[in-house]
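Visitor: Could you have a look at this structure, given as structure tokens, before my questions?
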Amino acid sequence: MKKLVCILLAVMMVTSLTACTVQIQEEAKAQGFTPRLDASAHGHIRIAGGYDNFEALEAEFDRFSDHYPNVELMYTKVDDYNNMIGTVLNGNDAPDIYVNYSWMYGRDQYKDAIEHAEDLADPSLGLDTDCIRSNIILKTDDKSLPMVPIFSNTYGMLVNNSLFEKEGLSVPKTYEELVSVCGSFRDKGYKNPMMGFSKEETTSLFTLVSYPFFCENVADDKDAVNKLNAMDPSAGEYMRPTLEKMNQFIKDGCVDLGECDTIENNYDAVILRFFEGDVPMMTCSGDTVSGTKKRESRSEAFIANPFEYSFVPIPMSKGGAVFLDMSNLQFSVNKDSSELDIANEFMRFLITPQELNEIAQNKGLMSPTKDLSFSSMYAAFGDVPESGIVSPEEIGLTDDALIQFRQAVFHVGTGDMTIDEAIAAYGSFSQ
């Protein structure tokens with residue numbers, strides 16, 4: 001009997017210790033970064049990317065220096081980044097950390113960007129990648145992790161919340177509500193309830209509106225994905241439901257394509273047109289959203305009549321909104337860096353919920369972390385149920401397949417092709 005009591009006590013002690021350990025680990029994560037190196041550590045970390053300026057990263061440098069005042073960090077812009085990063089990494093002045101992109105993986109012309117990357121999945125590095133949404137983390141054949149997302153991206157629409165409130169309307173959450181609310185705004189005298197850039201296929205409103213719907217349709221069909229990636233001409237048939245939906249969207253009068261043609265580009269012009277204050281909904285990507293804050297002061301209309309706005313999914317599917325979850329800019333560590341220890345320490349500092357949310361908020365982009373409730377701009381995407389989240393990364397769709405799709409939907413949307421013609425052309429559109 002005494003032996004049984006001892007065993008039970010031992011089990012209770014182990015259980016208690018395990019629970020304590022888990023609690024300590026969770027508390028440590030909640031508290032954020034804990035330095036591993038001596039505070040007197042010296043070093044010079046060079047980070048390379050394609051942005052003209054990167055004030056949000058410089059703010060991270062400042063916070064990192066609170067822990068390591070003797071470490072210098074410098075960001076350098078590389079011209080023609082995508083084509084030049086391999087050359088830079090093979091040069092004598094290679095960066096310690098550099099920007100990378102998932103679409104570079106598996107492409108021979110970008111192999112240097114992958115081969116120079118340290119495996120950030122190595123548990124000895126201590127990166128908290130669990131704080132990042134798993135569906136946007138690059139899935140490699142060998143299970144290594146050459147890069148981690150710093151920002152994420154999605155497609156949706158800027159919403160003038162003040163207009164919706166003024167007119168007593170609710171932001172639509174289903175396709176039927178979208179059509180209805182467009183009609184209601186027109187009845188109230190708004191000429192363009194919904195707009196978007198329509199001149200080029202790359203990031204046209206046609207892609208922004210329909211690609212989430214398309215991904216949702218092929219997400220669970222591996223054969224479809226394989227054929228689409230292989231440029232199999234027969235794969236064009238998988239686009240039919242989406243192309244039909246796009247035709248319906250246009251027939252339902254959600255947008256006036258002639259008016260949309262007056263928008264000159266998918267960035268400045270989209271933002272400034274939205275800031276005129278008479279457009280309730282403007283389609284765009286998260287990249288465009290990131291430029292809104294800086295351009296508030298450049299819009300005379302917005303200065304005169306400021307309004308509240310946010311970014312929400314476009315409800316195209318039967319289930320309502322789809323959150324197209326994509327990685328944006330990612331960081332890799334140069335495994336040949338002479339400052340490897342301190343470079344990894346900076347990455348440990350940056351890959352925490354606190355810092356990733358902070359840098360995303362400062363840059364105006366979507367955070368890659370699991371909780372988006374902290375951001376009033378992107379919170380609506382955090383409210384989309386798991387069943388409504390789709391990721392090209394997780395589905396396995398390649399950038400080449402996206403190029404074929406967005407050209408097809410552009411030509412159908414503008415009336416240059418019929419649905420059947422666009423389907424037949426799959427795999428033959430110019431890259």
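Residue numbering restarts at 1 in every chain; chains get A, B, ... in the order shown in the structure tokens, and ligands count up from 1 in that same order.
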Can you pull out every residue within 8 Å of stretch 204-221 of chain A, counting only C-alpha atoms, but drop anything in the same chain fewer than 5 positions away, and send it as a PyMOL selection string?
Guide: chain A and resi 155-156+196-199+238-239+241-242+245-246+266+283-285+314+316-317+322-324+390-392+395+406+409-410+413
Visitor: What's the 9 Å shell around A:Asp268, counting only C-alpha atoms, without same-chain residues fewer than 5 positions away, as a short mmCIF file (atom, residue, chain, number, x, y, z; two decimals) with C-alpha atoms, in the first residue's frame?
Guide:
```
data_model
loop_
_atom_site.label_atom_id
_atom_site.label_comp_id
_atom_site.auth_asym_id
_atom_site.auth_seq_id
_atom_site.Cartn_x
_atom_site.Cartn_y
_atom_site.Cartn_z
CA ARG A 273 -8.98 57.76 -55.69
CA THR A 288 -1.40 48.77 -51.59
CA GLY A 291 0.83 52.84 -48.52
CA THR A 292 -2.38 54.39 -47.23
CA ARG A 295 -0.71 59.20 -48.42
#
```
Visitor: At what distance in Å, to one decimal, does atom CA of A:Ala59 lie from atom CA of A:Leu120?
Guide: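 Distance reported for this atom pair: 23.2 Å.
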Visitor: Kindly indicate which residue among A:Tyr51, A:Tyr190, A:Phe33, A:Phe331 lies nearest to A:Leu138, using only C-alpha atoms for the distances.
Guide: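 Closest to A:Leu138 of all the choices is A:Phe331.
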